[in-house]
Amino acid sequence: MRDVILDQVSYGVWVQLLVRAGSAVDVESEVEHEWQEMVLETFARNLYDTNNVSEATRRLKEDLSDLETLPHVIQRIDSELQEYIDPREQLIHLMEEGLQI
C-alpha cells in the first residue's frame, strides 16, 4: 500500500523535475545543477528515442518552450513516467496484499 501511495506522489514530483530541468538547459545543452543533469540523463533519451543526451536535452528545451509542441512533450513525459513508475505492477502488488489479509 505504501508503495502505491509513494508512486502516486512521485509521479507529480517527476513531472515537475523534468519540466524544470528541461527548461534550464542552456544553448550548449548543459544545466547548472547536478540534480538537473541526473533527471535529464535518466529520462531525456527515452523521450526522444536517442542515445545522445545532448540532443535529447536540446529538443526537450525547445519543445517545452514552444506552445505548439508543449502538449505533445507533456504527453511523452506522461508515457515515460507511466513506464518508469509502472503503476500496474504496484496495483497488482496491492491486490495481492489485500488477498493475504
# chains A, B, ... in the order shown; residues from 1 in each chain; ligands from 1
call {"tool": "residues_around", "arguments": {"residues": "Leu81 (chain A)", "least_positions_apart": "3", "cutoff": "12 Å", "atoms": "only C-alpha atoms", "output": "list in words"}}
result
Asp7, Gln8, Ser10, Tyr11, Gly12, Val13, Trp14, Val15, Gln16, Leu17, Leu18, Val39, Thr42, Phe43, Ala44, Asn46, Leu47, Ile74, Gln75, Arg76, Ile77, Asp78, Tyr84, Ile85, Asp86 and Pro87 of chain A
call {"tool": "residues_around", "arguments": {"residues": "Lys61 (chain A)", "least_positions_apart": "6", "cutoff": "7 Å", "atoms": "only C-alpha atoms", "output": "ChimeraX atom specification"}}
result
/A:22-23,25
call {"tool": "atom_distance", "arguments": {"atom1": "CA of His33 (chain A)", "atom2": "CA of Glu68 (chain A)"}}
result
27.9 Å
call {"tool": "closest_residue", "arguments": {"among": "A:Ser29, A:Ser65, A:Glu96, A:Val19", "to": "Asn52 (chain A)", "atoms": "only C-alpha atoms"}}
result
A:Ser29
call {"tool": "residues_around", "arguments": {"residues": "Val27 (chain A)", "least_positions_apart": "5", "cutoff": "12 Å", "atoms": "only C-alpha atoms", "output": "list in words"}}
result
Gly22, Ser54, Glu55, Thr57, Arg58, Arg59, Lys61 and Glu62 of chain A
call {"tool": "select_by_dssp", "arguments": {"residues": "region 23-87 of chain A", "states": "helix (DSSP H, G or I)", "output": "mmCIF file with C-alpha atoms, in the first residue's frame"}}
result
data_model
loop_
_atom_site.group_PDB
_atom_site.id
_atom_site.type_symbol
_atom_site.label_atom_id
_atom_site.label_comp_id
_atom_site.auth_asym_id
_atom_site.auth_seq_id
_atom_site.Cartn_x
_atom_site.Cartn_y
_atom_site.Cartn_z
ATOM 1 C CA SER A 23 13.606 24.440 -19.063
ATOM 2 C CA GLU A 34 23.733 18.104 -10.748
ATOM 3 C CA TRP A 35 20.143 17.043 -9.985
ATOM 4 C CA GLN A 36 19.026 18.525 -13.326
ATOM 5 C CA GLU A 37 21.693 16.541 -15.147
ATOM 6 C CA MET A 38 20.635 13.339 -13.360
ATOM 7 C CA VAL A 39 16.972 13.856 -14.254
ATOM 8 C CA LEU A 40 17.782 14.577 -17.898
ATOM 9 C CA GLU A 41 20.175 11.628 -18.182
ATOM 10 C CA THR A 42 17.507 9.361 -16.691
ATOM 11 C CA PHE A 43 14.620 10.398 -18.949
ATOM 12 C CA ALA A 44 15.535 12.643 -21.919
ATOM 13 C CA ARG A 45 16.951 9.946 -24.200
ATOM 14 C CA ASN A 46 13.809 7.838 -23.867
ATOM 15 C CA LEU A 47 11.575 10.837 -24.542
ATOM 16 C CA TYR A 48 13.246 11.331 -27.917
ATOM 17 C CA VAL A 53 21.749 13.067 -24.167
ATOM 18 C CA SER A 54 22.755 16.491 -25.530
ATOM 19 C CA GLU A 55 20.428 16.162 -28.499
ATOM 20 C CA ALA A 56 17.584 14.939 -26.302
ATOM 21 C CA THR A 57 18.008 17.747 -23.767
ATOM 22 C CA ARG A 58 18.172 20.357 -26.529
ATOM 23 C CA ARG A 59 14.972 19.001 -28.070
ATOM 24 C CA LEU A 60 13.254 18.897 -24.678
ATOM 25 C CA LYS A 61 14.166 22.549 -24.063
ATOM 26 C CA GLU A 62 12.803 23.506 -27.490
ATOM 27 C CA ASP A 63 9.582 21.531 -27.024
ATOM 28 C CA LEU A 64 8.956 22.992 -23.573
ATOM 29 C CA SER A 65 9.459 26.497 -24.966
ATOM 30 C CA LEU A 70 4.267 21.610 -25.296
ATOM 31 C CA PRO A 71 1.160 19.361 -25.123
ATOM 32 C CA HIS A 72 2.969 16.638 -27.060
ATOM 33 C CA VAL A 73 6.056 16.694 -24.855
ATOM 34 C CA ILE A 74 3.886 16.572 -21.724
ATOM 35 C CA GLN A 75 2.137 13.529 -23.195
ATOM 36 C CA ARG A 76 5.529 11.898 -23.870
ATOM 37 C CA ILE A 77 6.635 12.702 -20.319
ATOM 38 C CA ASP A 78 3.442 11.114 -19.018
ATOM 39 C CA SER A 79 4.018 7.951 -21.059
ATOM 40 C CA GLU A 80 7.647 7.716 -19.984
ATOM 41 C CA LEU A 81 6.750 8.135 -16.313
ATOM 42 C CA GLN A 82 3.973 5.559 -16.556
ATOM 43 C CA GLU A 83 6.550 3.095 -17.834
ATOM 44 C CA TYR A 84 9.129 4.137 -15.234
ATOM 45 C CA ILE A 85 6.769 4.012 -12.242
ATOM 46 C CA PRO A 87 1.502 1.634 -11.658
#
